[in-house]
file protein39.cif (mmCIF, C-alpha atoms)
data_work
#
loop_
_atom_site.label_atom_id
_atom_site.label_comp_id
_atom_site.auth_asym_id
_atom_site.auth_seq_id
_atom_site.Cartn_x
_atom_site.Cartn_y
_atom_site.Cartn_z
CA MET W 1 34.89 142.66 283.66
CA THR W 2 36.37 143.91 280.38
CA GLU W 3 33.30 142.76 278.43
CA GLU W 4 31.02 144.69 280.79
CA LEU W 5 33.02 147.86 280.09
CA TYR W 6 32.71 147.29 276.33
CA ALA W 7 28.98 146.66 276.67
CA PHE W 8 28.53 150.03 278.41
CA ASP W 9 30.07 151.88 275.45
CA ALA W 10 28.23 149.72 272.91
CA ALA W 11 24.94 151.05 274.28
CA PHE W 12 25.85 154.44 272.75
CA ALA W 13 26.90 153.04 269.36
CA GLN W 14 23.80 154.34 267.59
CA GLU W 15 24.99 157.88 268.30
CA GLY W 16 28.26 157.33 266.44
CA LEU W 17 31.86 157.22 267.62
CA VAL W 18 32.34 157.54 271.36
CA CYS W 19 35.39 158.93 273.11
CA GLY W 20 36.30 158.43 276.75
CA VAL W 21 37.83 161.25 278.79
CA ASP W 22 39.62 160.99 282.12
CA GLU W 23 42.40 162.65 284.09
CA ALA W 24 45.20 161.79 286.49
CA GLY W 25 46.79 164.03 289.06
CA ARG W 26 44.10 166.22 290.57
CA GLY W 27 45.36 165.72 294.11
CA PRO W 28 49.17 166.06 293.99
CA LEU W 29 51.04 169.07 295.32
CA CYS W 30 53.21 169.30 292.22
CA GLY W 31 53.50 168.36 288.59
CA PRO W 32 50.90 168.62 285.85
CA LEU W 33 47.33 167.46 285.63
CA CYS W 34 47.23 164.94 282.81
CA VAL W 35 44.06 164.48 280.73
CA ALA W 36 43.49 161.88 278.02
CA ALA W 37 40.74 161.36 275.44
CA VAL W 38 40.49 158.08 273.52
CA ILE W 39 38.33 156.77 270.69
CA LEU W 40 38.59 152.99 270.61
CA ASP W 41 37.96 151.36 267.25
CA PRO W 42 34.58 149.56 267.50
CA ALA W 43 35.75 147.07 264.87
CA ALA W 44 39.01 146.18 266.62
CA PRO W 45 39.37 143.10 268.84
CA HIS W 46 38.60 143.76 272.49
CA LEU W 47 41.64 144.62 274.60
CA MET W 48 41.61 142.24 277.53
CA GLY W 49 42.53 143.48 280.96
CA ILE W 50 41.40 147.09 280.56
CA ASN W 51 40.03 148.44 283.83
CA ASP W 52 40.05 151.52 286.01
CA SER W 53 43.75 152.48 286.12
CA LYS W 54 43.64 152.64 289.93
CA LYS W 55 42.79 148.92 290.02
CA LEU W 56 45.75 147.95 287.84
CA SER W 57 49.40 147.54 288.78
CA GLU W 58 51.93 149.93 287.28
CA LYS W 59 53.34 147.03 285.23
CA LYS W 60 49.88 146.21 283.83
CA ARG W 61 49.16 149.87 282.97
CA GLU W 62 52.48 150.14 281.15
CA ALA W 63 51.70 146.96 279.18
CA LEU W 64 48.25 148.24 278.18
CA PHE W 65 49.45 151.70 277.17
CA PRO W 66 50.91 150.71 273.75
CA GLN W 67 48.03 148.32 273.09
CA ILE W 68 45.58 151.20 273.54
CA THR W 69 47.54 153.76 271.53
CA GLU W 70 48.19 151.34 268.64
CA SER W 71 44.63 150.06 268.33
CA ALA W 72 42.73 153.30 269.03
CA MET W 73 41.18 155.26 266.16
CA ALA W 74 42.45 158.41 267.86
CA TYR W 75 43.83 159.56 271.19
CA SER W 76 45.00 162.81 272.71
CA ILE W 77 47.01 163.46 275.89
CA ILE W 78 47.18 166.92 277.45
CA MET W 79 49.38 168.17 280.30
CA VAL W 80 48.03 171.14 282.26
CA GLU W 81 50.96 172.80 283.99
CA PRO W 82 50.99 173.87 287.68
CA GLN W 83 50.90 177.57 286.76
CA LYS W 84 47.67 177.02 284.84
CA ILE W 85 46.22 175.07 287.78
CA ASP W 86 47.08 177.97 290.12
CA GLU W 87 45.53 180.43 287.69
CA MET W 88 42.28 178.53 287.06
CA ASN W 89 41.92 176.33 290.21
CA ILE W 90 41.92 172.55 289.89
CA LEU W 91 38.32 172.22 288.71
CA GLY W 92 38.77 174.88 286.05
CA ALA W 93 42.05 173.29 284.97
CA THR W 94 40.36 169.88 284.74
CA MET W 95 37.55 171.24 282.53
CA TYR W 96 40.11 173.10 280.41
CA GLY W 97 42.27 169.98 280.00
CA MET W 98 39.31 167.80 279.09
CA ARG W 99 38.16 170.25 276.44
CA GLN W 100 41.70 170.49 275.01
CA ALA W 101 42.05 166.70 274.93
CA VAL W 102 38.79 166.18 273.03
CA GLU W 103 39.58 169.01 270.61
CA GLY W 104 43.01 167.45 270.06
CA LEU W 105 41.58 164.19 268.68
CA ALA W 106 42.33 163.58 265.00
CA VAL W 107 38.85 162.06 264.61
CA ARG W 108 35.75 163.91 265.80
CA PRO W 109 33.60 161.82 268.15
CA ALA W 110 29.80 161.98 268.23
CA LEU W 111 29.76 161.74 272.02
CA ALA W 112 32.26 162.23 274.84
CA LEU W 113 31.88 160.06 277.93
CA VAL W 114 33.51 162.04 280.73
CA ASP W 115 34.57 160.58 284.05
CA GLY W 116 33.03 162.37 287.03
CA ASN W 117 29.91 164.35 287.83
CA ARG W 118 30.41 167.25 285.43
CA SER W 119 31.57 167.81 281.88
CA PRO W 120 33.23 170.80 280.24
CA ARG W 121 31.47 172.88 277.62
CA MET W 122 32.74 171.81 274.23
CA ASP W 123 31.74 171.34 270.61
CA VAL W 124 30.94 167.67 271.14
CA PRO W 125 27.92 166.41 273.16
CA ALA W 126 29.11 165.06 276.49
CA LYS W 127 27.76 162.72 279.13
CA SER W 128 29.18 162.68 282.68
CA VAL W 129 29.65 159.18 284.09
CA ILE W 130 30.28 158.93 287.85
CA LYS W 131 33.05 156.40 288.47
CA GLY W 132 33.19 156.08 284.71
CA ASP W 133 36.62 154.47 284.69
CA ALA W 134 34.99 151.41 286.29
CA GLN W 135 32.03 151.41 283.86
CA SER W 136 33.15 152.53 280.39
CA VAL W 137 35.96 150.92 278.41
CA SER W 138 36.75 154.22 276.67
CA ILE W 139 37.02 156.08 279.98
CA ALA W 140 39.09 153.24 281.46
CA ALA W 141 41.43 153.44 278.46
CA ALA W 142 41.72 157.20 278.91
CA SER W 143 42.46 156.73 282.62
CA ILE W 144 45.34 154.39 281.74
CA LEU W 145 46.83 156.80 279.18
CA ALA W 146 46.56 159.71 281.61
CA LYS W 147 48.00 157.83 284.59
CA VAL W 148 50.92 156.29 282.68
CA SER W 149 51.77 159.60 280.99
CA ARG W 150 51.77 161.48 284.28
CA ASP W 151 53.79 158.83 286.11
CA ARG W 152 56.41 158.87 283.35
CA TYR W 153 56.59 162.66 283.59
CA MET W 154 57.04 162.50 287.37
CA ARG W 155 59.83 159.92 287.05
CA GLU W 156 61.67 162.27 284.67
CA LEU W 157 61.18 165.10 287.17
CA ALA W 158 62.45 162.82 289.95
CA ALA W 159 65.70 162.28 288.05
CA GLN W 160 66.24 166.06 287.95
CA TYR W 161 65.19 166.66 291.57
CA PRO W 162 66.07 163.46 293.46
CA GLN W 163 65.82 165.14 296.88
CA TYR W 164 61.99 165.16 296.69
CA LYS W 165 61.62 161.39 296.04
CA LEU W 166 58.96 162.10 293.43
CA GLU W 167 59.28 158.61 291.95
CA GLN W 168 57.83 157.24 295.20
CA HIS W 169 54.87 159.50 295.96
CA LYS W 170 54.36 161.01 292.45
CA GLY W 171 53.75 164.40 294.06
CA TYR W 172 50.89 163.35 296.33
CA PRO W 173 50.70 164.89 299.83
CA THR W 174 52.35 162.21 301.97
CA LYS W 175 53.93 162.84 305.36
CA GLU W 176 57.40 162.29 303.93
CA HIS W 177 56.69 164.65 301.03
CA TYR W 178 55.81 167.44 303.46
CA GLN W 179 58.98 166.71 305.45
CA LEU W 180 61.05 167.04 302.27
CA LEU W 181 59.28 170.31 301.45
CA ASP W 182 60.14 171.60 304.93
CA LYS W 183 63.77 170.75 304.24
CA TYR W 184 64.19 171.82 300.60
CA GLY W 185 61.38 174.31 299.91
CA ILE W 186 59.29 174.45 296.74
CA GLN W 187 60.32 174.47 293.08
CA PRO W 188 58.59 176.00 290.02
CA PHE W 189 56.80 172.70 289.34
CA TYR W 190 54.84 172.95 292.60
CA ARG W 191 51.21 174.12 292.71
CA LYS W 192 51.37 177.21 294.90
CA SER W 193 47.61 177.28 295.43
CA PHE W 194 47.86 173.81 297.03
CA LEU W 195 50.52 174.94 299.51
CA LYS W 196 49.31 178.31 300.78
CA LYS W 197 47.66 176.89 303.89
CA ARG W 198 50.91 175.25 304.96
CA GLY W 199 52.89 178.46 304.61
CA TYR W 200 55.30 177.39 301.86
CA VAL W 201 54.18 180.24 299.60
#
call {"tool": "encode", "arguments": {"input": "protein39.cif", "output": "structure tokens"}}
result
Amino acid sequence: MTEELYAFDAAFAQEGLVCGVDEAGRGPLCGPLCVAAVILDPAAPHLMGINDSKKLSEKKREALFPQITESAMAYSIIMVEPQKIDEMNILGATMYGMRQAVEGLAVRPALALVDGNRSPRMDVPAKSVIKGDAQSVSIAAASILAKVSRDRYMRELAAQYPQYKLEQHKGYPTKEHYQLLDKYGIQPFYRKSFLKKRGYV
């Protein structure tokens, strides 16, 4: 599987350096949206086991995280805070985060492969790849960096606000999460625009 992901990116090698872009955390009720951009070194040995972050265990993602960051030519991780998400809506915040992540790379790519069906306007040519984290090794690497970074952030938040059990649901809208919101109310790290319909705001 890993070799197929590398082959997808290799098809764009004639255009120059490729970066993958993906996000984690579009659906949760709280916490940031995390976006990562990664340029893998074409000359470096292939990292085995890279895949769509959703198909990997938390332990495997954590193991791959340092391998990706140490071998990448460049990477950038951006957190888009809940207030920004409320201000821009989740799609706008996603496009904003993706643009910031690509602009934050220390090396300029020739092409950005962006997970999903649309790409932000930016200085670098971009290609949208539907289900890209299961097709492109660069997007898969970005999905791992984004997911691990967001999960770590949510665990830190969970330590400060243990009553919400954030370490379990990571902010996603589970039945128990709503029950805890009914009991304890919302905090500043919640996305108010996601909670209006349920009357918490």
call {"tool": "resolve_selection", "arguments": {"input": "protein39.cif", "expression": "the PyMOL selection byres ((chain W and resi 191) around 8)", "output": "NGL selection string"}}
result
:W and (29-31 or 82-83 or 85-86 or 189-190 or 192-195)
call {"tool": "write_last_selection", "arguments": {"input": "protein39.cif", "atoms": "C-alpha atoms", "output": "JSON list (two decimals), keeping the file's coordinate frame"}}
result
[["chain", "number", "residue", "atom", "x", "y", "z"],
["W", 29, "LEU", "CA", 51.04, 169.07, 295.32],
["W", 30, "CYS", "CA", 53.21, 169.30, 292.22],
["W", 31, "GLY", "CA", 53.50, 168.36, 288.59],
["W", 82, "PRO", "CA", 50.99, 173.87, 287.68],
["W", 83, "GLN", "CA", 50.90, 177.57, 286.76],
["W", 85, "ILE", "CA", 46.22, 175.07, 287.78],
["W", 86, "ASP", "CA", 47.08, 177.97, 290.12],
["W", 189, "PHE", "CA", 56.80, 172.70, 289.34],
["W", 190, "TYR", "CA", 54.84, 172.95, 292.60],
["W", 192, "LYS", "CA", 51.37, 177.21, 294.90],
["W", 193, "SER", "CA", 47.61, 177.28, 295.43],
["W", 194, "PHE", "CA", 47.86, 173.81, 297.03],
["W", 195, "LEU", "CA", 50.52, 174.94, 299.51]]
call {"tool": "closest_residue", "arguments": {"input": "protein39.cif", "among": "W:Gly97, W:Pro28, W:Gly49, W:Pro109", "to": "W:Tyr178", "atoms": "all atoms listed in the file"}}
result
W:Pro28
call {"tool": "atom_distance", "arguments": {"input": "protein39.cif", "atom1": "atom CA of W:Asp22", "atom2": "atom CA of W:Lys197"}}
result
28.1 Å
call {"tool": "atom_distance", "arguments": {"input": "protein39.cif", "atom1": "atom CA of W:Thr94", "atom2": "atom CA of W:Val38"}}
result
16.3 Å
call {"tool": "atom_distance", "arguments": {"input": "protein39.cif", "atom1": "atom CA of W:Pro125", "atom2": "atom CA of W:Ala44"}}
result
24.0 Å
call {"tool": "resolve_selection", "arguments": {"input": "protein39.cif", "expression": "the PyMOL selection byres ((chain W and resi 105) around 6)", "output": "PDB file with C-alpha atoms, keeping the file's coordinate frame"}}
result
ATOM      1  CA  ALA W  74      42.450 158.410 267.860  1.00  0.00           C
ATOM      2  CA  TYR W  75      43.830 159.560 271.190  1.00  0.00           C
ATOM      3  CA  SER W  76      45.000 162.810 272.710  1.00  0.00           C
ATOM      4  CA  VAL W 102      38.790 166.180 273.030  1.00  0.00           C
ATOM      5  CA  GLU W 103      39.580 169.010 270.610  1.00  0.00           C
ATOM      6  CA  GLY W 104      43.010 167.450 270.060  1.00  0.00           C
ATOM      7  CA  ALA W 106      42.330 163.580 265.000  1.00  0.00           C
ATOM      8  CA  VAL W 107      38.850 162.060 264.610  1.00  0.00           C
TER       9      VAL W 107
END
call {"tool": "residues_around", "arguments": {"input": "protein39.cif", "residues": "W:Ala110", "least_positions_apart": "4", "cutoff": "9 Å", "atoms": "all atoms listed in the file", "output": "VMD selection string"}}
result
chain W and resid 15 to 19 124 to 126
call {"tool": "resolve_selection", "arguments": {"input": "protein39.cif", "expression": "the PyMOL selection byres ((chain W and resi 96) around 10)", "output": "PyMOL selection string"}}
result
chain W and resi 35+78+80+84-85+88+90-95+97-101+120-122
call {"tool": "write_last_selection", "arguments": {"input": "protein39.cif", "atoms": "C-alpha atoms", "output": "PDB file, in the frame of the given file"}}
result
ATOM      1  CA  VAL W  35      44.060 164.480 280.730  1.00  0.00           C
ATOM      2  CA  ILE W  78      47.180 166.920 277.450  1.00  0.00           C
ATOM      3  CA  VAL W  80      48.030 171.140 282.260  1.00  0.00           C
ATOM      4  CA  LYS W  84      47.670 177.020 284.840  1.00  0.00           C
ATOM      5  CA  ILE W  85      46.220 175.070 287.780  1.00  0.00           C
ATOM      6  CA  MET W  88      42.280 178.530 287.060  1.00  0.00           C
ATOM      7  CA  ILE W  90      41.920 172.550 289.890  1.00  0.00           C
ATOM      8  CA  LEU W  91      38.320 172.220 288.710  1.00  0.00           C
ATOM      9  CA  GLY W  92      38.770 174.880 286.050  1.00  0.00           C
ATOM     10  CA  ALA W  93      42.050 173.290 284.970  1.00  0.00           C
ATOM     11  CA  THR W  94      40.360 169.880 284.740  1.00  0.00           C
ATOM     12  CA  MET W  95      37.550 171.240 282.530  1.00  0.00           C
ATOM     13  CA  GLY W  97      42.270 169.980 280.000  1.00  0.00           C
ATOM     14  CA  MET W  98      39.310 167.800 279.090  1.00  0.00           C
ATOM     15  CA  ARG W  99      38.160 170.250 276.440  1.00  0.00           C
ATOM     16  CA  GLN W 100      41.700 170.490 275.010  1.00  0.00           C
ATOM     17  CA  ALA W 101      42.050 166.700 274.930  1.00  0.00           C
ATOM     18  CA  PRO W 120      33.230 170.800 280.240  1.00  0.00           C
ATOM     19  CA  ARG W 121      31.470 172.880 277.620  1.00  0.00           C
ATOM     20  CA  MET W 122      32.740 171.810 274.230  1.00  0.00           C
TER      21      MET W 122
END
call {"tool": "closest_residue", "arguments": {"input": "protein39.cif", "among": "W:Ala37, W:Ala11, W:Leu113, W:Ala158", "to": "W:Lys131", "atoms": "only C-alpha atoms"}}
result
W:Leu113
call {"tool": "residues_near_point", "arguments": {"input": "protein39.cif", "point": "(41.9, 149.6, 287.0)", "cutoff": "10 Å", "atoms": "only C-alpha atoms", "output": "VMD selection string"}}
result
chain W and resid 49 to 57 60 to 61 133 to 134 140 to 141 143 to 144
call {"tool": "residues_around", "arguments": {"input": "protein39.cif", "residues": "W:Tyr164", "least_positions_apart": "5", "cutoff": "8 Å", "atoms": "only C-alpha atoms", "output": "JSON list (two decimals) with C-alpha atoms, in the frame of the given file"}}
result
[["chain", "number", "residue", "atom", "x", "y", "z"],
["W", 158, "ALA", "CA", 62.45, 162.82, 289.95],
["W", 177, "HIS", "CA", 56.69, 164.65, 301.03],
["W", 180, "LEU", "CA", 61.05, 167.04, 302.27],
["W", 181, "LEU", "CA", 59.28, 170.31, 301.45]]
call {"tool": "closest_residue", "arguments": {"input": "protein39.cif", "among": "W:Val129, W:Lys175, W:Ser138, W:Leu111", "to": "W:His46", "atoms": "only C-alpha atoms"}}
result
W:Ser138
call {"tool": "axis_aligned_box", "arguments": {"input": "protein39.cif", "around": "stretch 31-42 of chain W", "padding_each_side": "5 Å", "output": "AutoDock Vina command-line options"}}
result
--center_x 44.0 --center_y 159.1 --center_z 277.9 --size_x 28.9 --size_y 29.1 --size_z 31.3
call {"tool": "closest_residue", "arguments": {"input": "protein39.cif", "among": "W:Pro66, W:Ile130, W:Ile39, W:Val137", "to": "W:Asp9", "atoms": "all atoms listed in the file"}}
result
W:Val137
call {"tool": "residues_around", "arguments": {"input": "protein39.cif", "residues": "stretch 146-155 of chain W", "least_positions_apart": "6", "cutoff": "6 Å", "atoms": "all atoms listed in the file", "output": "PyMOL selection string"}}
result
chain W and resi 23-24+34-36+167+170
call {"tool": "build_atoms", "arguments": {"input": "protein39.cif", "residues": "stretch 138-170 of chain W", "atoms": "N, CA and C atoms", "output": "short mmCIF file (atom, residue, chain, number, x, y, z; two decimals), in the coordinates of the input"}}
result
data_model
loop_
_atom_site.label_atom_id
_atom_site.label_comp_id
_atom_site.auth_asym_id
_atom_site.auth_seq_id
_atom_site.Cartn_x
_atom_site.Cartn_y
_atom_site.Cartn_z
N SER W 138 36.05 153.06 277.22
CA SER W 138 36.75 154.22 276.67
C SER W 138 37.32 155.11 277.78
N ILE W 139 36.54 155.29 278.85
CA ILE W 139 37.02 156.08 279.98
C ILE W 139 38.16 155.35 280.68
N ALA W 140 38.02 154.03 280.84
CA ALA W 140 39.09 153.24 281.46
C ALA W 140 40.38 153.35 280.65
N ALA W 141 40.26 153.30 279.32
CA ALA W 141 41.43 153.44 278.46
C ALA W 141 42.06 154.82 278.63
N ALA W 142 41.22 155.84 278.70
CA ALA W 142 41.72 157.20 278.91
C ALA W 142 42.40 157.33 280.27
N SER W 143 41.85 156.67 281.28
CA SER W 143 42.46 156.73 282.62
C SER W 143 43.85 156.11 282.62
N ILE W 144 44.03 155.04 281.84
CA ILE W 144 45.34 154.39 281.74
C ILE W 144 46.34 155.30 281.03
N LEU W 145 45.93 155.90 279.91
CA LEU W 145 46.83 156.80 279.18
C LEU W 145 47.23 157.99 280.04
N ALA W 146 46.27 158.55 280.77
CA ALA W 146 46.56 159.71 281.61
C ALA W 146 47.49 159.34 282.75
N LYS W 147 47.20 158.24 283.43
CA LYS W 147 48.00 157.83 284.59
C LYS W 147 49.42 157.47 284.18
N VAL W 148 49.58 156.69 283.13
CA VAL W 148 50.92 156.29 282.68
C VAL W 148 51.71 157.51 282.23
N SER W 149 51.08 158.40 281.48
CA SER W 149 51.77 159.60 280.99
C SER W 149 52.25 160.47 282.15
N ARG W 150 51.38 160.64 283.14
CA ARG W 150 51.77 161.48 284.28
C ARG W 150 52.88 160.82 285.11
N ASP W 151 52.76 159.53 285.34
CA ASP W 151 53.79 158.83 286.11
C ASP W 151 55.14 158.90 285.41
N ARG W 152 55.15 158.76 284.10
CA ARG W 152 56.41 158.87 283.35
C ARG W 152 57.01 160.27 283.51
N TYR W 153 56.15 161.27 283.43
CA TYR W 153 56.59 162.66 283.59
C TYR W 153 57.21 162.86 284.98
N MET W 154 56.55 162.32 286.00
CA MET W 154 57.04 162.50 287.37
C MET W 154 58.35 161.75 287.60
N ARG W 155 58.55 160.62 286.92
CA ARG W 155 59.83 159.92 287.05
C ARG W 155 60.96 160.73 286.43
N GLU W 156 60.67 161.40 285.30
CA GLU W 156 61.67 162.27 284.67
C GLU W 156 62.01 163.44 285.60
N LEU W 157 60.99 164.00 286.23
CA LEU W 157 61.18 165.10 287.17
C LEU W 157 61.99 164.62 288.37
N ALA W 158 61.73 163.39 288.81
CA ALA W 158 62.45 162.82 289.95
C ALA W 158 63.94 162.70 289.67
N ALA W 159 64.29 162.40 288.42
CA ALA W 159 65.70 162.28 288.05
C ALA W 159 66.41 163.64 288.14
N GLN W 160 65.66 164.71 287.88
CA GLN W 160 66.24 166.06 287.95
C GLN W 160 66.28 166.60 289.38
N TYR W 161 65.31 166.17 290.19
CA TYR W 161 65.19 166.66 291.57
C TYR W 161 65.07 165.47 292.53
N PRO W 162 66.15 164.70 292.67
CA PRO W 162 66.07 163.46 293.46
C PRO W 162 65.74 163.68 294.94
N GLN W 163 66.02 164.89 295.45
CA GLN W 163 65.82 165.14 296.88
C GLN W 163 64.35 165.05 297.29
N TYR W 164 63.42 165.18 296.34
CA TYR W 164 61.99 165.16 296.69
C TYR W 164 61.36 163.77 296.62
N LYS W 165 62.11 162.78 296.13
CA LYS W 165 61.62 161.39 296.04
C LYS W 165 60.29 161.29 295.28
N LEU W 166 60.20 162.04 294.20
CA LEU W 166 58.96 162.10 293.43
C LEU W 166 58.57 160.76 292.81
N GLU W 167 59.58 159.92 292.55
CA GLU W 167 59.28 158.61 291.95
C GLU W 167 58.49 157.73 292.92
N GLN W 168 58.55 158.04 294.21
CA GLN W 168 57.83 157.24 295.20
C GLN W 168 56.39 157.71 295.39
N HIS W 169 56.21 159.00 295.63
CA HIS W 169 54.87 159.50 295.96
C HIS W 169 54.18 160.20 294.79
N LYS W 170 54.91 160.39 293.67
CA LYS W 170 54.36 161.01 292.45
C LYS W 170 53.76 162.40 292.71
#
